[in-house]
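Notes follow the structure.
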There are 2 protein chains.
Amino acid sequence: MFQGMGNQANRQIIFNQHPEGWPERECFRLEPGDSPEPKEGEVLLRTTWLSVDPYMRGRMNPGPSYIPPFELGQPIEGGVVARVEQSRHASFPEGTFVQGMLPWADYSVSDGVGLYPVDPSLAPVQRFLGVLGMPGLTAWFGLMEIGKPQPGETVVVSGAAGAVGSLAGQLARQQGCRVVGIAGSEEKVNWIVNELGFDAGINYKATPDLLEALRAACPKGVDIHFDNVGGSIADALLLCLNRKGRIVLCGQISQYNLTEFEQGPRSDLLLVGKSARKEGFIVTDFQDRFHEGVAQLGKLHASGSIRVREQVWDGLERAPDAFLGLFRGENLGKALVRVWHPDQSPTG
Amino acid sequence: MFQGMGNQANRQIIFNQHPEGWPERECFRLEPGDSPEPKEGEVLLRTTWLSVDPYMRGRMNPGPSYIPPFELGQPIEGGVVARVEQSRHASFPEGTFVQGMLPWADYSVSDGVGLYPVDPSLAPVQRFLGVLGMPGLTAWFGLMEIGKPQPGETVVVSGAAGAVGSLAGQLARQQGCRVVGIAGSEEKVNWIVNELGFDAGINYKATPDLLEALRAACPKGVDIHFDNVGGSIADALLLCLNRKGRIVLCGQISQYNLTEFEQGPRSDLLLVGKSARKEGFIVTDFQDRFHEGVAQLGKLHASGSIRVREQVWDGLERAPDAFLGLFRGENLGKALVRVWHPDQSPTG
């Protein structure tokens with residue numbers, strides 16, 4: 001199946017400069033790359049889909065974090081689904097699909113570490129970057145293990161129309177909870193309520209008094225805030241939180257592009273009085289249990305119990321735009337970049 | 001044993017006005033009270049000790065909270081140890097001691113609800129307002145159930161010379177942790193280090209750079225912050241918190257006297273990256289297990305494994321001063337008011 005790269009040039013997206021605050025197009029540059037050759041024990045991969053995710057903003061800062069920062073002059077790295085074009089590794093046959101943290105490039109070489117096989121018969125392969133991948137697992141473990149929802153409780157999801165939020169809300173519905181989503185446009189609110197089955201939605205950009213809107217949407221108060229956003233939205237939610245409430249700190253997109261800590265009300269005293277818990281996590285905390293999460297999500301997805309939407313950008317060169325769009329509130333559902341269509345290719 | 005109140009007047013401390021910010025002497029007034037008479041099923045109690053505790057500040061605010069606010073014109077209510085002077089209740093014989101939430105008064109009447117017997121053979125009765133009472137149980141359940149210390153971990157206690165903090169630190173030492181205390185005077189730091197066995201102490205009032213001092217005192221970072229204080233001390237600790245760290249929100253004395261939310265850096269993003277947990281609690285969350293906590297604390301106290309210090313104010317009329325002193329950093333160990341000495345009394 002592999003016909004060699006021939007003179008087909010590789011292209012890659014390089015981390016060009018650190019952002020100061022909001023990331024800009026200039027943080028990235030597209031440039032030709034070497035055409036990599038796999039050595040014994042390696043595979044040559046052709047990128048089919050790549051994922052843009054808000055957490056990647058953290059890797060654009062120079063300081064240490066829970067994952068290493070991107071290196072200037074090196075390709076951006078993120079979730080990728082690729083086809084094995086040439087294999088010198090027994091676990092990854094040619095023509096099969098894999099998923100892993102890989103460079104933003106047409107082609108790359110891997111020794112298989114951190115590479116997972118992807119079964120195209122289970123779902124379209126890009127789903128392994130969404131509901132069956134990192135965002136799905138983030139929603140699953142964040143909700144189930146940190147939030148611990150109980151039937152009849154009220155769950156509010158902020159960033160509710162995003163890849164993680166839209167799943168977290170649907171999963172909470174599955175658990176018998178009342179689910180309210182907060183998002184930034186009418187289109188998003190319509191989607192989560194009318195298509196995903198959220199009980200209510202709030203367009204925070206069109207709501208003069210978020211606290212009042214929350215109180216109206218959550219007559220029994222809030223038991224779980226699945227927090228993708230932080231900032232003043234989280235402040236309002238804390239005021240609605242019930243005794244023994246849980247704040248699942250999944251993301252803080254309102255804070256990612258700040259150059260210094262934003263000031264906000266100190267509210268820990270409220271957590272004391274409410275005996276409430278606020279807990280951060282990253283999906284790899286649950287790495288040992290990914291198989292379990294994927295199995296659950298796969299079942300729900302296959303049965304149609306959870307629905308997904310993909311926002312697709314076509315072409316490797318669009319990856320920066322797709323990424324930047326995350327912070328402008330542009331995406332609805334999972335933002336993906338389709339780098340190559342295997343079925344339209346002569347080798348497909 | 002009971003010889004009747006005769007013409008012995010009752011006195012009580014009345015909640016006189018709401019504080020605006022810092023509480024003042026004018027929030028309280030001492031006045032004569034009725035001499036209560038127990039009905040069938042009631043007991044007449046004579047207050048021997050009363051407890052002043054920081055949480056009581058919250059009850060001085062008019063709004064709803066996790067416990068009802070004090071009512072203007074009514075006696076202040078708090079932890080009290082009393083002797084049963086006259087009993088018309090089978091569970092509480094005359095001459096025995098009890099503990100409960102009772103009015104700040106020389107005498108009071110109770111129907112027994114929320115009253116617990118106190119055994120003077122186990123420890124001096126005032127200990128049931130400290131190590132064997134609410135502060136002890138707060139330290140025990142907060143540390144063990146919220147903090148969940150593991151041997152070799154580093155625990156930092158803020159408000160370390162207070163009734164709860166001084167116990168929490170000693171209990172963490174018992175669990176095999178390195179324990180660092182933060183307090184507001186050299187005397188306090190000397191006490192926790194030299195007498196209570198804390199591994200290190202920091203006088204935050206004399207430390208120009210708390211973060212630097214914390215890093216020096218906690219070379220392996222901080223696994224648990226047992227937080228009695230909040231504010232900028234908690235900010236510095238968060239920067240030192242290790243992955244999977246726990247912040248036990250026990251109290252926030254730096255915030256109790258504010259009339260509006262103080263502004264501080266929004267730091268939830270740090271909790272995400274550290275997969276850290278911040279959890280509030282109130283001691284009554286563990287009410288079902290108080291007997292277990294008292295048994296553990298009683299054993300440790302009886303064996304000399306945990307040490308206590310009492311700061312005693314003499315006379316009911318001093319109770320407001322004792323209370324106000326809590327917020328001025330005046331107390332070292334458990335602040336108590338001795339209202340009456342049974343053994344100096346003709347009825348003793």
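Ligands are numbered from 1 in the order shown, residues from 1 within each chain, and chains are lettered A, B, ... in the order they appear in the structure tokens.
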
Find the spatial neighbours of range 249-266 of chain B, counting only C-alpha atoms, within a cut-off of 9 Å - ignore same-chain residues fewer than 4 positions away - and output them as a short mmCIF file (atom, residue, chain, number, x, y, z; two decimals) with all heavy atoms, in the first residue's frame.
data_model
loop_
_atom_site.label_atom_id
_atom_site.label_comp_id
_atom_site.auth_asym_id
_atom_site.auth_seq_id
_atom_site.Cartn_x
_atom_site.Cartn_y
_atom_site.Cartn_z
N GLY A 230 -14.04 29.51 33.89
CA GLY A 230 -13.51 30.31 34.98
C GLY A 230 -14.01 31.75 34.94
O GLY A 230 -15.02 32.06 34.30
N GLY A 231 -13.28 32.64 35.63
CA GLY A 231 -13.59 34.07 35.60
C GLY A 231 -14.94 34.39 36.21
O GLY A 231 -15.41 33.71 37.14
N GLN A 255 -9.03 32.58 31.08
CA GLN A 255 -7.77 33.01 31.69
C GLN A 255 -6.53 32.68 30.86
O GLN A 255 -5.43 33.13 31.20
CB GLN A 255 -7.60 32.34 33.07
CG GLN A 255 -8.81 32.45 33.99
CD GLN A 255 -9.07 33.87 34.46
OE1 GLN A 255 -8.21 34.48 35.08
NE2 GLN A 255 -10.25 34.41 34.14
N GLU A 260 -0.97 38.20 33.13
CA GLU A 260 -0.78 38.08 34.58
C GLU A 260 -2.11 37.65 35.20
O GLU A 260 -3.14 37.67 34.52
CB GLU A 260 -0.30 39.39 35.20
CG GLU A 260 -1.15 40.59 34.87
CD GLU A 260 -0.52 41.89 35.38
OE1 GLU A 260 0.71 42.05 35.22
OE2 GLU A 260 -1.26 42.70 35.95
N PHE A 261 -2.06 37.24 36.45
CA PHE A 261 -3.28 36.78 37.11
C PHE A 261 -4.32 37.89 37.09
O PHE A 261 -4.04 39.03 37.48
CB PHE A 261 -3.00 36.39 38.57
CG PHE A 261 -2.30 35.07 38.72
CD1 PHE A 261 -0.98 35.00 39.12
CD2 PHE A 261 -2.98 33.89 38.45
CE1 PHE A 261 -0.34 33.78 39.26
CE2 PHE A 261 -2.35 32.67 38.60
CZ PHE A 261 -1.03 32.61 39.00
N GLU A 262 -5.51 37.56 36.65
CA GLU A 262 -6.64 38.48 36.76
C GLU A 262 -7.05 38.56 38.22
O GLU A 262 -6.90 37.58 38.96
CB GLU A 262 -7.79 37.91 35.92
CG GLU A 262 -9.01 38.79 35.79
CD GLU A 262 -10.06 38.15 34.88
OE1 GLU A 262 -10.02 38.39 33.67
OE2 GLU A 262 -10.92 37.40 35.40
N GLN A 263 -7.56 39.69 38.62
CA GLN A 263 -8.07 39.82 39.98
C GLN A 263 -9.56 39.47 40.00
O GLN A 263 -10.30 39.80 39.06
CB GLN A 263 -7.88 41.25 40.49
CG GLN A 263 -6.42 41.70 40.55
CD GLN A 263 -5.64 41.02 41.65
OE1 GLN A 263 -5.99 41.09 42.82
NE2 GLN A 263 -4.57 40.32 41.29
N GLY A 264 -9.97 38.83 41.04
CA GLY A 264 -11.38 38.50 41.20
C GLY A 264 -11.67 38.36 42.67
O GLY A 264 -10.76 38.38 43.51
N PRO A 265 -12.95 38.22 43.00
CA PRO A 265 -13.30 38.14 44.43
C PRO A 265 -12.76 36.87 45.08
O PRO A 265 -12.85 35.79 44.51
CB PRO A 265 -14.84 38.12 44.41
CG PRO A 265 -15.21 37.68 43.04
CD PRO A 265 -14.11 38.11 42.12
N ARG A 266 -12.18 37.03 46.24
CA ARG A 266 -11.75 35.85 47.02
C ARG A 266 -13.00 35.19 47.57
O ARG A 266 -13.73 35.79 48.36
CB ARG A 266 -10.87 36.26 48.18
CG ARG A 266 -9.54 36.86 47.78
CD ARG A 266 -8.69 36.99 49.03
NE ARG A 266 -7.43 37.67 48.76
CZ ARG A 266 -6.35 37.07 48.25
NH1 ARG A 266 -6.40 35.79 47.92
NH2 ARG A 266 -5.24 37.76 48.04
N SER A 267 -13.20 33.96 47.21
CA SER A 267 -14.48 33.34 47.52
C SER A 267 -14.34 32.03 48.29
O SER A 267 -15.30 31.30 48.44
CB SER A 267 -15.24 33.10 46.22
OG SER A 267 -14.41 32.43 45.29
N ASP A 268 -13.15 31.77 48.80
CA ASP A 268 -12.97 30.48 49.50
C ASP A 268 -13.85 30.37 50.73
O ASP A 268 -14.23 29.26 51.13
CB ASP A 268 -11.50 30.29 49.89
CG ASP A 268 -10.64 29.96 48.68
OD1 ASP A 268 -11.20 29.71 47.59
OD2 ASP A 268 -9.40 29.96 48.81
N LEU A 269 -14.20 31.51 51.31
CA LEU A 269 -15.08 31.47 52.47
C LEU A 269 -16.43 30.84 52.11
O LEU A 269 -17.04 30.15 52.93
CB LEU A 269 -15.27 32.89 53.01
CG LEU A 269 -16.01 33.07 54.32
CD1 LEU A 269 -15.46 32.17 55.41
CD2 LEU A 269 -15.95 34.53 54.77
N LEU A 271 -16.81 28.46 49.97
CA LEU A 271 -16.59 27.01 49.91
C LEU A 271 -16.63 26.41 51.32
O LEU A 271 -17.09 25.28 51.50
CB LEU A 271 -15.24 26.69 49.25
CG LEU A 271 -15.08 27.08 47.78
CD1 LEU A 271 -13.67 26.73 47.30
CD2 LEU A 271 -16.10 26.36 46.90
N VAL A 272 -16.12 27.14 52.30
CA VAL A 272 -16.17 26.64 53.68
C VAL A 272 -17.62 26.47 54.11
O VAL A 272 -18.05 25.38 54.51
CB VAL A 272 -15.44 27.60 54.65
CG1 VAL A 272 -15.56 27.08 56.09
CG2 VAL A 272 -13.98 27.78 54.27
N SER A 275 -19.41 23.66 52.48
CA SER A 275 -18.72 22.36 52.47
C SER A 275 -18.55 21.88 51.04
O SER A 275 -18.82 20.72 50.70
CB SER A 275 -19.48 21.31 53.29
OG SER A 275 -19.53 21.68 54.64
N PRO B 19 -21.71 44.14 63.73
CA PRO B 19 -20.46 44.82 63.40
C PRO B 19 -20.48 45.25 61.93
O PRO B 19 -21.13 44.62 61.10
CB PRO B 19 -19.40 43.74 63.63
CG PRO B 19 -20.11 42.44 63.51
CD PRO B 19 -21.55 42.68 63.84
N GLU B 20 -19.80 46.35 61.65
CA GLU B 20 -19.51 46.66 60.25
C GLU B 20 -18.02 46.46 60.10
O GLU B 20 -17.22 47.26 60.56
CB GLU B 20 -19.89 48.09 59.91
CG GLU B 20 -21.39 48.27 59.98
CD GLU B 20 -21.84 49.60 59.38
OE1 GLU B 20 -21.13 50.12 58.50
OE2 GLU B 20 -22.89 50.09 59.82
N GLY B 21 -17.64 45.37 59.48
CA GLY B 21 -16.22 45.04 59.42
C GLY B 21 -15.78 44.46 60.74
O GLY B 21 -16.39 43.51 61.25
N TRP B 22 -14.74 45.05 61.32
CA TRP B 22 -14.21 44.50 62.56
C TRP B 22 -15.22 44.60 63.68
O TRP B 22 -15.81 45.65 63.88
CB TRP B 22 -12.92 45.24 62.94
CG TRP B 22 -11.78 44.76 62.12
CD1 TRP B 22 -11.60 44.98 60.80
CD2 TRP B 22 -10.68 43.96 62.55
NE1 TRP B 22 -10.47 44.36 60.36
CE2 TRP B 22 -9.87 43.73 61.42
CE3 TRP B 22 -10.31 43.42 63.78
CZ2 TRP B 22 -8.71 42.97 61.49
CZ3 TRP B 22 -9.15 42.67 63.85
CH2 TRP B 22 -8.36 42.45 62.72
N PRO B 23 -15.41 43.53 64.44
CA PRO B 23 -16.31 43.63 65.58
C PRO B 23 -15.69 44.49 66.68
O PRO B 23 -14.46 44.53 66.82
CB PRO B 23 -16.47 42.18 66.03
CG PRO B 23 -15.26 41.46 65.53
CD PRO B 23 -14.80 42.20 64.30
N PRO B 54 -13.35 31.69 66.17
CA PRO B 54 -13.46 32.61 65.03
C PRO B 54 -14.74 32.44 64.21
O PRO B 54 -15.27 33.41 63.69
CB PRO B 54 -12.22 32.28 64.19
CG PRO B 54 -11.23 31.74 65.17
CD PRO B 54 -12.06 31.00 66.19
N TYR B 55 -15.24 31.20 64.08
CA TYR B 55 -16.42 31.00 63.23
C TYR B 55 -17.61 31.83 63.70
O TYR B 55 -18.53 32.11 62.94
CB TYR B 55 -16.81 29.51 63.20
CG TYR B 55 -17.61 29.09 64.41
CD1 TYR B 55 -19.00 29.22 64.42
CD2 TYR B 55 -16.99 28.64 65.57
CE1 TYR B 55 -19.74 28.88 65.55
CE2 TYR B 55 -17.71 28.30 66.68
CZ TYR B 55 -19.08 28.43 66.68
OH TYR B 55 -19.81 28.11 67.80
N ARG B 57 -17.81 34.80 64.31
CA ARG B 57 -17.91 36.07 63.58
C ARG B 57 -18.97 36.00 62.49
O ARG B 57 -19.70 36.98 62.26
CB ARG B 57 -16.55 36.44 62.99
CG ARG B 57 -16.52 37.68 62.12
CD ARG B 57 -16.88 38.94 62.89
NE ARG B 57 -16.96 40.11 62.02
CZ ARG B 57 -18.02 40.42 61.28
NH1 ARG B 57 -19.08 39.64 61.30
NH2 ARG B 57 -18.01 41.49 60.52
N GLY B 58 -19.06 34.85 61.83
CA GLY B 58 -20.03 34.69 60.75
C GLY B 58 -21.46 34.82 61.24
O GLY B 58 -22.34 35.31 60.52
N THR B 138 -12.59 19.47 64.56
CA THR B 138 -12.35 20.19 63.31
C THR B 138 -10.97 19.84 62.75
O THR B 138 -10.81 19.56 61.55
CB THR B 138 -12.46 21.71 63.56
OG1 THR B 138 -13.77 22.00 64.06
CG2 THR B 138 -12.22 22.50 62.29
N ALA B 139 -9.98 19.86 63.63
CA ALA B 139 -8.62 19.51 63.19
C ALA B 139 -8.57 18.05 62.72
O ALA B 139 -7.99 17.73 61.69
CB ALA B 139 -7.63 19.74 64.33
N GLY B 142 -10.91 17.47 59.51
CA GLY B 142 -10.37 18.27 58.40
C GLY B 142 -9.09 17.68 57.87
O GLY B 142 -8.91 17.52 56.65
N ILE B 146 -10.42 15.33 54.87
CA ILE B 146 -10.31 16.23 53.72
C ILE B 146 -8.86 16.22 53.23
O ILE B 146 -8.60 16.09 52.03
CB ILE B 146 -10.75 17.67 54.07
CG1 ILE B 146 -12.09 17.66 54.80
CG2 ILE B 146 -10.77 18.53 52.82
CD1 ILE B 146 -13.31 17.46 53.95
N GLY B 159 -2.45 29.84 60.50
CA GLY B 159 -3.12 29.98 61.80
C GLY B 159 -2.65 28.89 62.73
O GLY B 159 -3.43 28.31 63.51
N VAL B 164 -7.36 25.25 66.53
CA VAL B 164 -7.46 24.20 65.51
C VAL B 164 -6.10 23.95 64.86
O VAL B 164 -5.67 22.79 64.72
CB VAL B 164 -8.52 24.58 64.45
CG1 VAL B 164 -8.54 23.55 63.33
CG2 VAL B 164 -9.90 24.69 65.08
N HIS B 225 -2.26 22.06 52.39
CA HIS B 225 -2.36 23.32 53.12
C HIS B 225 -3.62 23.24 53.97
O HIS B 225 -4.73 23.18 53.44
CB HIS B 225 -2.43 24.51 52.16
CG HIS B 225 -2.70 25.82 52.85
ND1 HIS B 225 -3.21 26.92 52.22
CD2 HIS B 225 -2.51 26.20 54.15
CE1 HIS B 225 -3.35 27.91 53.10
NE2 HIS B 225 -2.93 27.50 54.26
N PHE B 226 -3.41 23.21 55.26
CA PHE B 226 -4.55 23.25 56.19
C PHE B 226 -4.80 24.73 56.46
O PHE B 226 -4.07 25.38 57.20
CB PHE B 226 -4.21 22.48 57.47
CG PHE B 226 -5.43 22.21 58.33
CD1 PHE B 226 -6.01 20.95 58.34
CD2 PHE B 226 -5.98 23.20 59.12
CE1 PHE B 226 -7.13 20.69 59.12
CE2 PHE B 226 -7.10 22.96 59.90
CZ PHE B 226 -7.68 21.70 59.91
N ASP B 227 -5.83 25.26 55.80
CA ASP B 227 -5.98 26.71 55.68
C ASP B 227 -6.99 27.24 56.68
O ASP B 227 -8.19 27.02 56.55
CB ASP B 227 -6.41 27.04 54.24
CG ASP B 227 -6.41 28.54 53.97
OD1 ASP B 227 -6.01 29.32 54.86
OD2 ASP B 227 -6.81 28.94 52.86
N ASN B 228 -6.49 27.99 57.65
CA ASN B 228 -7.36 28.68 58.59
C ASN B 228 -7.47 30.16 58.30
O ASN B 228 -8.17 30.88 59.01
CB ASN B 228 -6.79 28.53 60.01
CG ASN B 228 -6.85 27.11 60.51
OD1 ASN B 228 -7.92 26.51 60.54
ND2 ASN B 228 -5.72 26.54 60.89
N VAL B 229 -6.75 30.63 57.29
CA VAL B 229 -6.50 32.06 57.16
C VAL B 229 -6.97 32.63 55.83
O VAL B 229 -7.61 33.66 55.77
CB VAL B 229 -5.00 32.33 57.36
CG1 VAL B 229 -4.67 33.79 57.09
CG2 VAL B 229 -4.59 31.96 58.80
N GLY B 230 -6.62 32.00 54.72
CA GLY B 230 -6.97 32.53 53.40
C GLY B 230 -6.12 33.73 53.00
O GLY B 230 -5.04 33.96 53.56
N GLY B 231 -6.62 34.50 52.04
CA GLY B 231 -5.96 35.73 51.62
C GLY B 231 -4.60 35.47 51.00
O GLY B 231 -4.35 34.44 50.38
N SER B 232 -3.70 36.43 51.19
CA SER B 232 -2.41 36.37 50.49
C SER B 232 -1.52 35.24 50.99
O SER B 232 -0.64 34.77 50.27
CB SER B 232 -1.69 37.71 50.61
OG SER B 232 -1.48 38.02 51.96
N ASP B 235 -2.47 32.47 48.86
CA ASP B 235 -1.92 32.67 47.51
C ASP B 235 -0.51 32.11 47.41
O ASP B 235 -0.16 31.42 46.46
CB ASP B 235 -1.84 34.17 47.15
CG ASP B 235 -3.20 34.83 47.03
OD1 ASP B 235 -4.21 34.11 46.86
OD2 ASP B 235 -3.25 36.07 47.11
N LYS B 278 -9.34 21.70 46.43
CA LYS B 278 -9.58 22.68 47.48
C LYS B 278 -10.96 22.37 48.03
O LYS B 278 -11.93 22.34 47.27
CB LYS B 278 -9.57 24.05 46.83
CG LYS B 278 -9.65 25.23 47.72
CD LYS B 278 -9.74 26.51 46.88
CE LYS B 278 -8.43 27.26 46.83
NZ LYS B 278 -8.61 28.62 46.24
N GLU B 279 -11.04 22.10 49.31
CA GLU B 279 -12.33 21.63 49.81
C GLU B 279 -12.66 22.26 51.14
O GLU B 279 -11.86 22.25 52.07
CB GLU B 279 -12.30 20.09 49.93
CG GLU B 279 -13.66 19.50 50.23
CD GLU B 279 -13.72 17.99 49.98
OE1 GLU B 279 -12.78 17.43 49.38
OE2 GLU B 279 -14.71 17.38 50.40
N GLY B 280 -13.85 22.82 51.20
CA GLY B 280 -14.34 23.41 52.43
C GLY B 280 -15.11 22.39 53.25
O GLY B 280 -15.59 21.39 52.73
N PHE B 281 -15.20 22.64 54.54
CA PHE B 281 -16.00 21.75 55.39
C PHE B 281 -16.36 22.51 56.65
O PHE B 281 -15.74 23.51 57.00
CB PHE B 281 -15.23 20.47 55.74
CG PHE B 281 -14.17 20.67 56.79
CD1 PHE B 281 -14.36 20.24 58.10
CD2 PHE B 281 -12.99 21.32 56.49
CE1 PHE B 281 -13.39 20.45 59.08
CE2 PHE B 281 -12.01 21.53 57.45
CZ PHE B 281 -12.21 21.09 58.75
N ILE B 282 -17.38 22.03 57.30
CA ILE B 282 -17.68 22.48 58.65
C ILE B 282 -17.77 21.23 59.51
O ILE B 282 -18.09 20.14 59.02
CB ILE B 282 -18.96 23.33 58.73
CG1 ILE B 282 -20.13 22.63 58.07
CG2 ILE B 282 -18.73 24.69 58.09
CD1 ILE B 282 -21.43 23.41 58.17
N VAL B 283 -17.42 21.39 60.77
CA VAL B 283 -17.20 20.20 61.60
C VAL B 283 -18.45 19.34 61.69
O VAL B 283 -18.38 18.11 61.77
CB VAL B 283 -16.64 20.61 62.98
CG1 VAL B 283 -17.67 21.38 63.79
CG2 VAL B 283 -16.13 19.40 63.74
N PHE B 327 -9.21 38.07 66.67
CA PHE B 327 -9.00 38.72 65.37
C PHE B 327 -7.80 39.65 65.40
O PHE B 327 -7.39 40.18 64.39
CB PHE B 327 -10.27 39.46 64.95
CG PHE B 327 -11.43 38.52 64.85
CD1 PHE B 327 -12.34 38.41 65.88
CD2 PHE B 327 -11.58 37.70 63.74
CE1 PHE B 327 -13.40 37.51 65.82
CE2 PHE B 327 -12.63 36.80 63.66
CZ PHE B 327 -13.54 36.71 64.70
#

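For Ser87 in chain B, the residues within 7 Å (counting only C-alpha atoms, excluding itself and residues fewer than 6 positions away along the chain) are B:Glu42, B:Val43, B:Leu44, B:Pro93, B:Glu94.
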
Go ahead and save the residues from that selection, with N, CA and C atoms, as a short mmCIF file (atom, residue, chain, number, x, y, z; two decimals), in the first residue's frame.
data_model
loop_
_atom_site.label_atom_id
_atom_site.label_comp_id
_atom_site.auth_asym_id
_atom_site.auth_seq_id
_atom_site.Cartn_x
_atom_site.Cartn_y
_atom_site.Cartn_z
N GLU B 42 -36.33 19.44 81.82
CA GLU B 42 -35.27 20.43 81.58
C GLU B 42 -34.22 20.37 82.71
N VAL B 43 -33.11 21.01 82.43
CA VAL B 43 -32.08 21.16 83.46
C VAL B 43 -31.73 22.63 83.62
N LEU B 44 -31.35 22.98 84.81
CA LEU B 44 -30.75 24.29 85.04
C LEU B 44 -29.24 24.12 85.03
N PRO B 93 -27.90 14.10 85.38
CA PRO B 93 -28.06 14.23 86.84
C PRO B 93 -27.41 15.51 87.38
N GLU B 94 -27.93 15.95 88.47
CA GLU B 94 -27.36 17.13 89.14
C GLU B 94 -25.91 16.89 89.49
#

query: Where in range 159-228 of chain B does DSSP assign helix (DSSP H, G or I), given as a ChimeraX atom specification?
result: /B:163-174,186-195,204-206,210-217

Convert the current residue selection to file output with N, CA and C atoms, as a short mmCIF file (atom, residue, chain, number, x, y, z; two decimals), in the first residue's frame.
data_model
loop_
_atom_site.label_atom_id
_atom_site.label_comp_id
_atom_site.auth_asym_id
_atom_site.auth_seq_id
_atom_site.Cartn_x
_atom_site.Cartn_y
_atom_site.Cartn_z
N ALA B 163 -6.33 27.34 68.13
CA ALA B 163 -6.84 26.11 68.74
C ALA B 163 -6.86 24.98 67.72
N VAL B 164 -7.36 25.25 66.53
CA VAL B 164 -7.46 24.20 65.51
C VAL B 164 -6.10 23.95 64.86
N GLY B 165 -5.42 25.01 64.48
CA GLY B 165 -4.15 24.86 63.75
C GLY B 165 -3.10 24.12 64.57
N SER B 166 -3.02 24.43 65.86
CA SER B 166 -1.99 23.79 66.68
C SER B 166 -2.25 22.29 66.80
N LEU B 167 -3.51 21.90 66.76
CA LEU B 167 -3.84 20.47 66.79
C LEU B 167 -3.63 19.83 65.42
N ALA B 168 -4.07 20.52 64.37
CA ALA B 168 -3.93 19.95 63.02
C ALA B 168 -2.46 19.65 62.73
N GLY B 169 -1.58 20.56 63.13
CA GLY B 169 -0.16 20.34 62.89
C GLY B 169 0.38 19.15 63.66
N GLN B 170 -0.02 19.05 64.91
CA GLN B 170 0.46 17.91 65.71
C GLN B 170 -0.08 16.59 65.16
N LEU B 171 -1.33 16.61 64.72
CA LEU B 171 -1.91 15.39 64.16
C LEU B 171 -1.20 15.00 62.87
N ALA B 172 -0.83 15.99 62.08
CA ALA B 172 -0.11 15.69 60.83
C ALA B 172 1.27 15.10 61.13
N ARG B 173 1.90 15.59 62.19
CA ARG B 173 3.17 14.99 62.62
C ARG B 173 2.97 13.52 62.99
N GLN B 174 1.90 13.25 63.70
CA GLN B 174 1.58 11.86 64.08
C GLN B 174 1.43 10.96 62.85
N GLU B 186 6.76 35.77 67.02
CA GLU B 186 7.89 34.89 67.38
C GLU B 186 7.48 33.94 68.49
N GLU B 187 6.70 34.46 69.43
CA GLU B 187 6.26 33.61 70.54
C GLU B 187 5.47 32.41 70.02
N LYS B 188 4.59 32.68 69.07
CA LYS B 188 3.78 31.60 68.51
C LYS B 188 4.65 30.59 67.77
N VAL B 189 5.57 31.12 66.98
CA VAL B 189 6.44 30.22 66.21
C VAL B 189 7.30 29.38 67.15
N ASN B 190 7.81 30.02 68.18
CA ASN B 190 8.61 29.26 69.15
C ASN B 190 7.79 28.15 69.80
N TRP B 191 6.58 28.47 70.12
CA TRP B 191 5.71 27.47 70.77
C TRP B 191 5.46 26.28 69.85
N ILE B 192 5.05 26.54 68.63
CA ILE B 192 4.70 25.40 67.76
C ILE B 192 5.93 24.57 67.41
N VAL B 193 7.09 25.22 67.30
CA VAL B 193 8.29 24.46 66.93
C VAL B 193 8.90 23.78 68.16
N ASN B 194 9.07 24.54 69.22
CA ASN B 194 9.82 24.01 70.37
C ASN B 194 8.98 23.16 71.30
N GLU B 195 7.71 23.46 71.39
CA GLU B 195 6.89 22.69 72.33
C GLU B 195 5.97 21.69 71.63
N TYR B 204 4.85 35.12 59.69
CA TYR B 204 4.56 35.84 58.43
C TYR B 204 4.65 37.34 58.60
N LYS B 205 4.46 37.81 59.83
CA LYS B 205 4.51 39.27 60.04
C LYS B 205 5.94 39.80 59.97
N ALA B 206 6.90 38.91 60.15
CA ALA B 206 8.31 39.34 60.14
C ALA B 206 9.05 38.78 58.93
N LEU B 210 7.17 35.86 51.87
CA LEU B 210 6.58 34.63 52.40
C LEU B 210 6.82 33.47 51.45
N LEU B 211 6.72 33.74 50.16
CA LEU B 211 6.89 32.67 49.18
C LEU B 211 8.30 32.06 49.29
N GLU B 212 9.27 32.93 49.40
CA GLU B 212 10.65 32.46 49.53
C GLU B 212 10.82 31.65 50.83
N ALA B 213 10.23 32.16 51.89
CA ALA B 213 10.32 31.45 53.18
C ALA B 213 9.65 30.08 53.11
N LEU B 214 8.52 30.03 52.42
CA LEU B 214 7.82 28.75 52.28
C LEU B 214 8.65 27.77 51.47
N ARG B 215 9.23 28.27 50.41
CA ARG B 215 10.04 27.37 49.57
C ARG B 215 11.24 26.84 50.35
N ALA B 216 11.79 27.68 51.20
CA ALA B 216 12.92 27.22 52.02
C ALA B 216 12.46 26.19 53.05
N ALA B 217 11.28 26.42 53.60
CA ALA B 217 10.79 25.51 54.66
C ALA B 217 10.21 24.23 54.09
#

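The smallest atom-to-atom distance between Arg127 in chain A and any of A:Pro320, A:Gly95, A:Gly181, A:Gly79, using only C-alpha atoms, is found for A:Gly79.
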
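Taking only C-alpha atoms into account, Phe323 in chain B lies nearest to B:Gln311 out of the set B:Glu31, B:Tyr107, B:Gln311, B:Gly245.
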
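Residues lying within 12 Å of Val118 in chain A, counting only C-alpha atoms and ignoring same-chain neighbours fewer than 2 positions away, are Val80, Val81, Ala82, Arg83, Val84, Phe92, Pro93, Gly95, Thr96, Phe97, Val98, Gln99, Gly100, Leu115, Tyr116, Pro120, Ser121, Leu122, Ala123, Pro124, Val125, Gln126, Arg127, Phe128, Leu129, Leu132, Gly133 and Val294 of chain A.
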